[in-house]
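work_17.txt follows (compact mmCIF, C-alpha atoms):
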# COMPACT_ATOMS: atom_id res chain seq x y z
CA MET X 1 -31.63 -43.05 -60.28
CA LYS X 2 -30.45 -44.05 -56.92
CA ILE X 3 -28.68 -41.79 -54.48
CA TYR X 4 -26.54 -43.69 -52.10
CA ASP X 5 -27.19 -42.59 -48.49
CA GLY X 6 -29.84 -40.19 -49.84
CA GLY X 7 -31.54 -39.78 -46.45
CA LYS X 8 -28.34 -38.72 -44.72
CA ILE X 9 -27.46 -36.34 -47.54
CA PHE X 10 -30.87 -34.64 -47.44
CA ILE X 11 -30.75 -34.29 -43.68
CA GLY X 12 -27.25 -32.84 -44.10
CA ILE X 13 -28.46 -30.36 -46.67
CA ILE X 14 -31.36 -29.26 -44.48
CA ILE X 15 -29.08 -28.78 -41.49
CA PHE X 16 -26.62 -26.86 -43.63
CA LEU X 17 -29.33 -24.59 -45.05
CA SER X 18 -30.86 -23.80 -41.68
CA VAL X 19 -27.46 -22.97 -40.17
CA ALA X 20 -26.40 -20.88 -43.15
CA THR X 21 -29.60 -18.83 -43.21
CA SER X 22 -30.09 -18.61 -39.45
CA PRO X 23 -28.62 -15.09 -39.11
CA PHE X 24 -31.17 -13.84 -41.63
CA LEU X 25 -34.07 -15.76 -40.15
CA PHE X 26 -33.09 -14.74 -36.67
CA ASN X 27 -33.08 -11.06 -37.53
CA MET X 28 -36.24 -11.17 -39.61
CA GLY X 29 -38.59 -8.38 -38.64
CA LYS X 30 -36.05 -6.75 -36.37
CA ALA X 31 -33.94 -4.96 -38.94
CA THR X 32 -36.94 -3.27 -40.47
CA ALA X 33 -37.76 -1.36 -37.28
CA LYS X 34 -36.31 2.07 -38.12
CA PRO X 35 -34.90 3.94 -35.15
CA ASP X 36 -37.20 6.58 -33.78
CA PRO X 37 -35.28 8.73 -31.28
CA LYS X 38 -37.70 10.42 -28.90
CA LEU X 39 -37.46 14.11 -28.01
CA ASP X 40 -40.16 14.17 -25.35
CA THR X 41 -37.97 14.89 -22.31
CA PRO X 42 -39.07 17.45 -19.69
CA GLU X 43 -36.10 19.68 -20.52
CA ILE X 44 -36.85 19.75 -24.26
CA GLN X 45 -40.58 20.23 -23.68
CA LYS X 46 -39.76 23.33 -21.67
CA MET X 47 -37.94 24.89 -24.64
CA LYS X 48 -39.75 27.52 -26.65
CA LYS X 49 -37.67 26.89 -29.72
CA LYS X 50 -36.74 23.23 -29.86
CA GLN X 51 -33.21 23.10 -31.11
CA CYS X 52 -29.99 21.24 -30.40
CA VAL X 53 -26.56 22.85 -30.01
CA GLU X 54 -26.19 22.66 -33.80
CA PRO X 55 -28.74 22.05 -36.60
CA LYS X 56 -30.44 18.67 -36.47
CA GLU X 57 -28.91 17.38 -39.69
CA PHE X 58 -25.45 18.28 -38.47
CA MET X 59 -26.09 16.64 -35.10
CA ARG X 60 -27.38 13.47 -36.69
CA ARG X 61 -24.29 12.99 -38.78
CA GLU X 62 -21.56 14.66 -36.75
CA HIS X 63 -22.46 14.37 -33.06
CA MET X 64 -19.63 11.91 -32.39
CA LYS X 65 -17.11 14.34 -33.82
CA LEU X 66 -18.64 17.22 -31.91
CA LEU X 67 -18.29 15.20 -28.71
CA ASN X 68 -14.64 14.50 -29.46
CA GLU X 69 -14.12 18.20 -30.01
CA TRP X 70 -15.82 19.03 -26.72
CA ARG X 71 -13.74 16.41 -24.92
CA ASP X 72 -10.42 17.74 -26.19
CA SER X 73 -11.41 21.33 -25.67
CA VAL X 74 -12.37 20.76 -22.02
CA VAL X 75 -9.76 18.24 -20.98
CA ARG X 76 -6.73 19.41 -22.94
CA GLU X 77 -7.35 23.14 -23.40
CA GLY X 78 -9.34 23.88 -20.24
CA ASN X 79 -12.01 25.63 -22.26
CA MET X 80 -15.59 25.00 -21.10
CA ILE X 81 -17.72 27.33 -23.21
CA TYR X 82 -19.30 26.47 -26.56
CA ILE X 83 -21.25 28.92 -28.70
CA GLY X 84 -24.16 27.25 -30.48
CA VAL X 85 -25.57 27.91 -33.90
CA GLY X 86 -27.81 30.76 -32.78
CA GLY X 87 -25.36 32.31 -30.33
CA GLU X 88 -26.48 30.26 -27.33
CA VAL X 89 -23.86 29.55 -24.73
CA TYR X 90 -23.30 25.99 -23.54
CA SER X 91 -20.97 24.41 -21.05
CA MET X 92 -19.26 21.56 -22.89
CA SER X 93 -20.26 18.49 -20.93
CA LEU X 94 -21.56 15.13 -22.03
CA GLN X 95 -23.17 14.30 -18.70
CA SER X 96 -24.40 17.73 -17.69
CA THR X 97 -25.32 19.33 -21.03
CA CYS X 98 -26.19 16.73 -23.72
CA MET X 99 -27.81 14.39 -21.24
CA LYS X 100 -29.69 17.13 -19.43
CA CYS X 101 -31.78 17.72 -22.55
CA HIS X 102 -31.58 14.14 -23.79
CA SER X 103 -32.30 12.61 -20.41
CA ASN X 104 -34.01 9.68 -22.16
CA LYS X 105 -30.78 7.95 -23.18
CA LYS X 106 -32.48 4.59 -23.80
CA LYS X 107 -35.16 6.04 -26.07
CA PHE X 108 -32.79 8.48 -27.75
CA CYS X 109 -29.08 7.64 -28.01
CA ASP X 110 -29.52 3.89 -27.59
CA GLU X 111 -32.43 3.79 -30.04
CA CYS X 112 -30.14 4.77 -32.94
CA HIS X 113 -27.05 3.05 -31.66
CA LYS X 114 -28.77 -0.31 -31.38
CA TYR X 115 -29.92 0.04 -34.96
CA VAL X 116 -26.41 0.69 -36.28
CA ALA X 117 -24.82 -1.62 -33.68
CA VAL X 118 -22.42 0.89 -32.14
CA LYS X 119 -21.77 0.76 -28.44
CA PRO X 120 -20.04 3.95 -27.31
CA TYR X 121 -17.75 3.06 -24.40
CA CYS X 122 -18.25 6.51 -22.89
CA TRP X 123 -20.72 5.13 -20.36
CA ASP X 124 -18.07 2.95 -18.74
CA CYS X 125 -17.01 6.20 -17.08
CA HIS X 126 -19.55 8.91 -17.81
CA ILE X 127 -22.70 8.62 -15.73
CA ALA X 128 -25.84 7.98 -17.76
CA PRO X 129 -29.03 9.72 -16.65
CA LYS X 130 -31.29 7.80 -14.26
CA GLU X 131 -34.15 6.16 -16.13
CA ASN X 132 -36.81 3.60 -15.30
CA MET R 133 -13.46 27.26 -44.05
CA ASP R 134 -13.97 23.71 -42.87
CA ARG R 135 -17.16 21.70 -43.14
CA ARG R 136 -18.33 22.58 -39.65
CA GLU R 137 -17.96 26.29 -40.08
CA PHE R 138 -19.63 26.04 -43.46
CA LEU R 139 -22.60 24.24 -41.95
CA LYS R 140 -22.83 26.74 -39.12
CA LEU R 141 -22.79 29.63 -41.54
CA THR R 142 -25.35 28.13 -43.88
CA ALA R 143 -27.61 27.36 -40.96
CA ILE R 144 -27.35 30.91 -39.61
CA THR R 145 -28.05 32.32 -43.06
CA ALA R 146 -30.97 29.98 -43.55
CA ILE R 147 -32.50 30.93 -40.23
CA ALA R 148 -31.89 34.61 -40.84
CA THR R 149 -33.61 34.62 -44.22
CA ALA R 150 -36.35 32.01 -43.93
CA GLY R 151 -39.56 32.31 -42.00
CA GLY R 152 -39.11 35.94 -41.12
CA ILE R 153 -36.99 35.18 -38.06
CA SER R 154 -34.04 37.48 -37.93
CA ALA R 155 -30.76 36.32 -36.51
CA LEU R 156 -30.92 39.29 -34.18
CA GLU R 157 -34.12 38.03 -32.64
CA ILE R 158 -32.48 34.72 -31.81
CA LEU R 159 -29.73 36.55 -30.06
CA ARG R 160 -32.20 38.48 -27.91
CA ASP R 161 -31.87 38.09 -24.18
CA LYS R 162 -34.97 35.95 -23.88
CA GLU R 163 -33.57 33.19 -26.03
CA LEU R 164 -30.27 33.28 -24.18
CA GLU R 165 -32.09 33.01 -20.87
CA ALA R 166 -33.50 29.65 -21.88
CA HIS R 167 -29.97 28.26 -22.02
CA GLU R 168 -28.50 29.82 -18.94
CA ALA R 169 -28.80 26.58 -17.05
CA HIS R 170 -26.24 25.00 -19.36
CA THR R 171 -23.42 27.30 -18.39
CA PRO R 172 -21.58 27.82 -15.13
CA ASP R 173 -22.75 31.03 -13.50
CA THR R 174 -19.41 31.87 -11.95
CA LYS R 175 -16.09 32.87 -13.43
CA PRO R 176 -13.28 30.31 -13.40
CA LEU R 177 -10.54 30.65 -10.81
CA THR R 178 -7.21 31.08 -12.57
CA ALA R 179 -3.56 31.26 -11.55
CA LYS R 180 -0.07 31.31 -12.99
CA ARG R 181 0.96 28.43 -10.73
CA TRP R 182 -1.47 26.68 -8.43
CA ALA R 183 0.00 25.39 -5.17
CA MET R 184 -1.11 24.11 -1.77
CA VAL R 185 0.07 24.45 1.80
CA VAL R 186 -0.87 21.73 4.30
CA ASN R 187 -0.93 23.05 7.85
CA ILE R 188 -0.79 19.69 9.59
CA ARG R 189 -1.15 21.36 13.02
CA LYS R 190 -4.77 22.14 12.18
CA PHE R 191 -5.55 18.43 11.89
CA LYS R 192 -6.26 17.27 15.42
CA THR R 193 -8.90 14.57 15.37
CA GLU R 194 -9.49 11.61 13.08
CA ASP R 195 -12.59 13.42 11.91
CA ASP R 196 -10.54 16.39 10.62
CA TYR R 197 -8.74 14.05 8.22
CA LYS R 198 -11.84 12.10 7.31
CA LYS R 199 -13.81 15.20 6.30
CA VAL R 200 -11.14 16.22 3.84
CA MET R 201 -10.67 12.77 2.31
CA ASP R 202 -14.41 12.14 2.08
CA ALA R 203 -14.96 15.45 0.30
CA CYS R 204 -12.51 14.35 -2.40
CA ARG R 205 -14.04 10.88 -2.60
CA ARG R 206 -17.49 12.34 -3.16
CA ALA R 207 -16.36 14.99 -5.64
CA HIS R 208 -14.55 12.51 -7.88
CA ASN R 209 -16.34 9.21 -7.38
CA VAL R 210 -13.25 7.61 -5.88
CA PRO R 211 -14.01 3.95 -5.12
CA ASP R 212 -13.39 2.23 -1.80
CA PHE R 213 -12.36 -1.39 -2.29
CA GLY R 214 -11.76 -1.90 1.40
CA ASN R 215 -8.30 -3.36 0.86
CA PRO R 216 -4.96 -1.57 0.53
CA LYS R 217 -3.81 -3.62 -2.46
CA ASP R 218 -6.45 -2.21 -4.81
CA GLU R 219 -6.68 1.20 -3.13
CA ILE R 220 -7.28 4.25 -5.35
CA LYS R 221 -5.50 7.23 -3.83
CA TRP R 222 -6.24 10.88 -4.56
CA ILE R 223 -5.63 12.26 -1.07
CA TRP R 224 -4.47 9.87 1.64
CA THR R 225 -2.35 9.70 4.79
CA ASP R 226 0.97 8.20 5.84
CA THR R 227 3.49 8.63 8.65
CA PHE R 228 6.15 11.38 8.76
CA GLU R 229 8.86 8.77 8.24
CA HIS R 230 7.28 7.48 5.03
CA SER R 231 6.29 10.93 3.78
CA PHE R 232 9.62 12.65 4.40
CA PRO R 233 12.23 9.85 4.36
CA GLY R 234 15.59 10.89 5.73
CA GLN R 235 14.16 13.81 7.70
CA GLU R 236 13.12 11.79 10.73
CA HIS R 237 15.39 11.27 13.71
CA LYS R 238 15.22 9.70 17.14
CA TYR R 239 14.72 12.94 19.05
CA MET R 240 12.01 14.59 16.98
CA PRO R 241 8.73 15.49 18.71
CA GLU R 242 6.88 12.32 19.61
CA ASP R 243 3.53 13.60 18.30
CA LEU R 244 4.99 14.44 14.89
CA LYS R 245 6.49 10.97 14.62
CA HIS R 246 3.08 9.31 14.88
CA MET R 247 0.91 11.92 13.25
CA PRO R 248 -0.72 11.03 9.92
CA PHE R 249 0.34 13.37 7.09
CA LEU R 250 -2.07 14.27 4.30
CA LEU R 251 -0.55 13.35 0.95
CA LEU R 252 -1.64 14.06 -2.61
CA CYS R 253 -0.20 14.61 -6.06
CA ASN R 254 2.46 17.32 -5.82
CA HIS R 255 1.73 18.77 -9.25
CA CYS R 256 5.48 19.10 -9.78
CA ASP R 257 7.28 21.77 -11.79
CA ASN R 258 9.19 19.01 -13.61
CA PRO R 259 6.80 16.09 -13.46
CA PRO R 260 8.55 12.79 -14.29
CA CYS R 261 5.17 11.20 -14.97
CA VAL R 262 4.59 13.58 -17.87
CA ARG R 263 7.99 12.78 -19.34
CA VAL R 264 7.39 9.03 -19.46
CA CYS R 265 3.79 8.96 -20.67
CA PRO R 266 3.82 7.48 -24.19
CA THR R 267 0.38 8.84 -25.20
CA LYS R 268 0.54 12.31 -23.59
CA ALA R 269 -2.42 11.24 -21.46
CA THR R 270 -0.62 12.98 -18.60
CA PHE R 271 0.37 16.54 -19.34
CA LYS R 272 1.15 19.76 -17.53
CA ARG R 273 -1.17 22.70 -17.89
CA LYS R 274 0.08 26.27 -18.06
CA ASP R 275 -1.24 26.88 -14.53
CA GLY R 276 0.92 24.09 -13.10
CA ILE R 277 -1.76 21.42 -12.77
CA VAL R 278 -0.53 18.00 -13.83
CA MET R 279 -3.59 16.72 -15.60
CA MET R 280 -4.74 13.33 -16.83
CA ASP R 281 -6.72 12.83 -20.00
CA MET R 282 -8.53 9.60 -19.16
CA HIS R 283 -9.50 9.17 -22.78
CA ARG R 284 -5.89 8.61 -23.76
CA CYS R 285 -4.68 6.48 -20.85
CA ILE R 286 -3.68 3.02 -22.04
CA GLY R 287 -2.83 1.76 -18.57
CA CYS R 288 0.88 1.17 -19.19
CA ARG R 289 1.71 2.43 -15.67
CA PHE R 290 5.04 4.03 -16.66
CA CYS R 291 3.83 7.12 -14.78
CA MET R 292 3.38 5.08 -11.62
CA ALA R 293 6.94 3.86 -11.85
CA ALA R 294 8.19 7.39 -12.49
CA CYS R 295 6.32 9.16 -9.67
CA PRO R 296 8.47 9.30 -6.53
CA PHE R 297 5.47 10.13 -4.35
CA GLY R 298 3.21 7.13 -4.98
CA ALA R 299 0.53 9.57 -6.03
CA ARG R 300 -0.90 7.42 -8.82
CA SER R 301 -3.15 4.39 -8.63
CA PHE R 302 -4.10 1.77 -11.16
CA ASN R 303 -7.63 0.46 -11.54
CA TRP R 304 -7.19 -3.30 -11.26
CA ARG R 305 -10.95 -3.76 -11.09
CA ASP R 306 -14.07 -1.98 -12.32
CA PRO R 307 -14.38 0.81 -9.76
CA ARG R 308 -18.02 1.72 -10.27
CA PRO R 309 -19.64 -0.87 -7.97
CA PHE R 310 -17.34 0.37 -5.19
CA VAL R 311 -18.33 4.02 -5.35
CA LYS R 312 -20.66 4.45 -2.40
CA GLU R 313 -22.73 7.34 -3.70
CA ILE R 314 -22.31 8.28 -7.35
CA ASN R 315 -21.83 11.99 -7.94
CA PRO R 316 -23.57 12.62 -11.27
CA GLU R 317 -21.39 15.67 -12.00
CA PHE R 318 -18.16 13.73 -12.50
CA PRO R 319 -17.32 10.57 -14.46
CA THR R 320 -16.05 7.44 -12.78
CA ARG R 321 -13.06 5.65 -14.22
CA THR R 322 -12.82 2.17 -15.62
CA LYS R 323 -10.71 -0.92 -15.20
CA GLY R 324 -7.27 -0.50 -16.76
CA VAL R 325 -6.59 3.23 -16.34
CA VAL R 326 -4.38 5.14 -13.92
CA GLU R 327 -5.75 8.05 -11.91
CA LYS R 328 -4.73 10.67 -9.37
CA CYS R 329 -5.56 14.04 -7.83
CA ASN R 330 -6.35 16.76 -10.39
CA PHE R 331 -6.27 19.76 -7.99
CA CYS R 332 -10.02 19.87 -8.68
CA GLU R 333 -9.52 21.50 -12.07
CA GLU R 334 -13.19 20.85 -12.85
CA ARG R 335 -14.20 22.92 -9.81
CA LEU R 336 -11.69 25.71 -10.48
CA ALA R 337 -13.19 25.96 -13.97
CA VAL R 338 -16.52 26.96 -12.44
CA GLY R 339 -15.13 29.22 -9.75
CA ARG R 340 -14.96 26.79 -6.84
CA MET R 341 -12.04 25.99 -4.58
CA PRO R 342 -10.85 22.36 -4.41
CA ALA R 343 -13.18 20.10 -2.44
CA CYS R 344 -10.54 19.17 0.15
CA VAL R 345 -9.61 22.82 0.73
CA GLU R 346 -13.25 23.74 1.23
CA ALA R 347 -13.73 20.91 3.74
CA SER R 348 -10.50 21.56 5.65
CA LYS R 349 -11.58 24.74 7.47
CA GLY R 350 -8.21 26.41 6.96
CA GLY R 351 -6.00 23.34 7.30
CA LEU R 352 -5.32 23.35 3.56
CA ILE R 353 -4.42 26.63 1.88
CA PHE R 354 -4.67 26.92 -1.89
CA GLY R 355 -3.68 29.68 -4.27
CA ASP R 356 -1.37 31.22 -6.84
CA LEU R 357 2.32 30.79 -6.05
CA GLU R 358 3.25 33.60 -8.43
CA ASP R 359 0.93 36.13 -6.83
CA PRO R 360 2.68 37.72 -3.81
CA ASN R 361 -0.69 38.66 -2.31
CA SER R 362 -2.20 35.17 -2.49
CA ASP R 363 -3.03 33.18 0.63
CA VAL R 364 -0.40 30.55 -0.12
CA ARG R 365 2.33 33.16 -0.51
CA LYS R 366 1.34 34.87 2.72
CA VAL R 367 1.50 31.58 4.59
CA LEU R 368 4.77 30.55 2.93
CA GLY R 369 6.28 33.94 3.79
CA SER R 370 5.41 33.68 7.46
CA HIS R 371 5.95 29.97 8.26
CA TYR R 372 8.79 27.51 7.82
CA THR R 373 7.62 24.82 5.38
CA ILE R 374 9.01 21.60 3.95
CA ARG R 375 8.26 19.66 0.78
CA ARG R 376 8.39 15.94 0.08
CA LYS R 377 11.66 14.69 -1.46
CA SER R 378 12.54 18.13 -2.82
CA GLU R 379 16.12 16.86 -3.28
CA LEU R 380 14.91 14.92 -6.35
CA GLY R 381 14.37 18.17 -8.19
CA THR R 382 10.82 17.59 -9.36
CA GLY R 383 9.70 20.84 -7.73
CA PRO R 384 6.70 19.73 -5.68
CA GLY R 385 3.84 22.21 -5.45
CA VAL R 386 2.56 21.02 -2.07
CA TYR R 387 4.16 22.54 1.05
CA TYR R 388 3.88 21.38 4.67
CA ILE R 389 3.84 23.36 7.91
CA VAL R 390 4.94 20.79 10.50
In structure tokens, what does this structure look like?
Amino acid sequence: MKIYDGGKIFIGIIIFLSVATSPFLFNMGKATAKPDPKLDTPEIQKMKKKQCVEPKEFMRREHMKLLNEWRDSVVREGNMIYIGVGGEVYSMSLQSTCMKCHSNKKKFCDECHKYVAVKPYCWDCHIAPKEN
Amino acid sequence: MDRREFLKLTAITAIATAGGISALEILRDKELEAHEAHTPDTKPLTAKRWAMVVNIRKFKTEDDYKKVMDACRRAHNVPDFGNPKDEIKWIWTDTFEHSFPGQEHKYMPEDLKHMPFLLLCNHCDNPPCVRVCPTKATFKRKDGIVMMDMHRCIGCRFCMAACPFGARSFNWRDPRPFVKEINPEFPTRTKGVVEKCNFCEERLAVGRMPACVEASKGGLIFGDLEDPNSDVRKVLGSHYTIRRKSELGTGPGVYYIV
């Protein structure tokens, strides 16, 4: 059997295959690195009982909604105070409350967000903690 | 009960029953102490109707004006682009003629004619900016403060067209590189939103007077217009004051002793 222009066709197929699979090849090894948000900030290390404003499972799944709630409560209703799961009192602030404990934004928030490819636009305005 | 409340309740119950920790123990003072740093330690300042009196006679040197404007700049991360076209104005100055058009005349005191007047958002009783905002990003609070919710601003600038006082500015460029010293307590803004003076609502919420008032050493008087014993009412009752363009009927909340 003879394939007319066989060389060109095979080169074409190879080019096509490498382009088509490049996203997978490119990401190989990367996608398997599970996010590992770090809790070793000075503020959290100081805590006797290491807990967030709500239970961990709730925070993991619902923190974006909680933040929206805090935002509306402060900005639109002028209410600053939030009562946590164990009766603790918090001032509802992204910059001054969340990020005081989670002062390692890159190793905490960004760690997960990179994995799921979300880029919260909050930091266009809200000031992220200083990190090295 | 919604999902959140349900989760809260189950968590409290779980903590109360498991591991021998009682819910009461968690509520003990010691545990609360650990979180004190997350809450403001002072009570909010509240009013029925916040208002300001500007006693322009107390502003004598350039430095008197600068102190007040710099205090606001620092408190709110207001950028300085160094050109009037892009300027972001929260509190600024202009001449008597521009501030109170129609009130000037040839024979008025020479010093008044050339004196800079401190201008800011008037936090009007009937704010036209609120009426035109299509997303309710600008709204009026019960205490009279005309507030902006930056999260809802779409940058349409209807409010800027509606405001007769030029109290609103649009961010044509990313402001952050032009904020000299970032104050970590307050957000910056971003390209494409409108902003203005907020009567320092974030400071009032933690029991502090507005930054400009604090820096003015008595030149700016701030208080509750509905409280006859407040500082503003005392000053308004004993001095003749004028307001900007009051004939338009917006009900400005900033008064001037000239």
Item to check | Between atom CA of X:Asp40 and atom CA of X:Met92, distance in Å (one decimal) | outcome: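 Result for atom CA of X:Asp40 versus atom CA of X:Met92: 22.3 Å, one decimal.
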Checklist entry - Which one of X:Pro55, X:Pro42, X:Pro129, X:Pro35 sits closest to X:Met99 if you count all atoms listed in the file? => result X:Pro129
Checklist entry - atom CA of R:Arg206 and atom CA of X:Val74 are how many Å apart? => result 21.3 Å
Next on the checklist: Distance cut-off 9 Å, centre (-2.1, 22.0, 5.7) in file coordinates, counting all atoms listed in the file: which residues qualify? Return them as a count of residues only.
Outcome noted: 18
Checklist entry - What are the residues of chain X that have an atom within 10 Å of an atom of chain R, counting all atoms listed in the file, as a VMD selection string? => result chain X and resid 46 to 49 54 to 55 57 to 58 62 66 68 71 to 72 74 to 82 84 to 98 100 to 101 122 to 130
Include C-alpha atoms and write out the residues we just selected as a tab-separated table (two decimals), in the frame of the given file.
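Result saved to result.tsv:
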chain	number	residue	atom	x	y	z
X	46	LYS	CA	-39.76	23.33	-21.67
X	47	MET	CA	-37.94	24.89	-24.64
X	48	LYS	CA	-39.75	27.52	-26.65
X	49	LYS	CA	-37.67	26.89	-29.72
X	54	GLU	CA	-26.19	22.66	-33.80
X	55	PRO	CA	-28.74	22.05	-36.60
X	57	GLU	CA	-28.91	17.38	-39.69
X	58	PHE	CA	-25.45	18.28	-38.47
X	62	GLU	CA	-21.56	14.66	-36.75
X	66	LEU	CA	-18.64	17.22	-31.91
X	68	ASN	CA	-14.64	14.50	-29.46
X	71	ARG	CA	-13.74	16.41	-24.92
X	72	ASP	CA	-10.42	17.74	-26.19
X	74	VAL	CA	-12.37	20.76	-22.02
X	75	VAL	CA	-9.76	18.24	-20.98
X	76	ARG	CA	-6.73	19.41	-22.94
X	77	GLU	CA	-7.35	23.14	-23.40
X	78	GLY	CA	-9.34	23.88	-20.24
X	79	ASN	CA	-12.01	25.63	-22.26
X	80	MET	CA	-15.59	25.00	-21.10
X	81	ILE	CA	-17.72	27.33	-23.21
X	82	TYR	CA	-19.30	26.47	-26.56
X	84	GLY	CA	-24.16	27.25	-30.48
X	85	VAL	CA	-25.57	27.91	-33.90
X	86	GLY	CA	-27.81	30.76	-32.78
X	87	GLY	CA	-25.36	32.31	-30.33
X	88	GLU	CA	-26.48	30.26	-27.33
X	89	VAL	CA	-23.86	29.55	-24.73
X	90	TYR	CA	-23.30	25.99	-23.54
X	91	SER	CA	-20.97	24.41	-21.05
X	92	MET	CA	-19.26	21.56	-22.89
X	93	SER	CA	-20.26	18.49	-20.93
X	94	LEU	CA	-21.56	15.13	-22.03
X	95	GLN	CA	-23.17	14.30	-18.70
X	96	SER	CA	-24.40	17.73	-17.69
X	97	THR	CA	-25.32	19.33	-21.03
X	98	CYS	CA	-26.19	16.73	-23.72
X	100	LYS	CA	-29.69	17.13	-19.43
X	101	CYS	CA	-31.78	17.72	-22.55
X	122	CYS	CA	-18.25	6.51	-22.89
X	123	TRP	CA	-20.72	5.13	-20.36
X	124	ASP	CA	-18.07	2.95	-18.74
X	125	CYS	CA	-17.01	6.20	-17.08
X	126	HIS	CA	-19.55	8.91	-17.81
X	127	ILE	CA	-22.70	8.62	-15.73
X	128	ALA	CA	-25.84	7.98	-17.76
X	129	PRO	CA	-29.03	9.72	-16.65
X	130	LYS	CA	-31.29	7.80	-14.26
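Atom CA of X:Lys107 sits 5.8 Å away from atom CA of X:Lys38.
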Checklist entry - Counting only C-alpha atoms, what is within 12 Å of X:Lys114, bar same-chain residues fewer than 2 positions away, as a list in words? => result Lys30, Ala31, Ala33, Lys34, Pro35, Asp36, Pro37, Lys105, Lys106, Lys107, Phe108, Cys109, Asp110, Glu111, Cys112, Val116, Ala117, Val118, Lys119 and Pro120 of chain X
Next on the checklist: Given only C-alpha atoms as the basis, pick out the residue of R:Lys192, R:Ile277, R:Arg300, R:Pro216 nearest to R:Pro248.
Outcome noted: R:Lys192
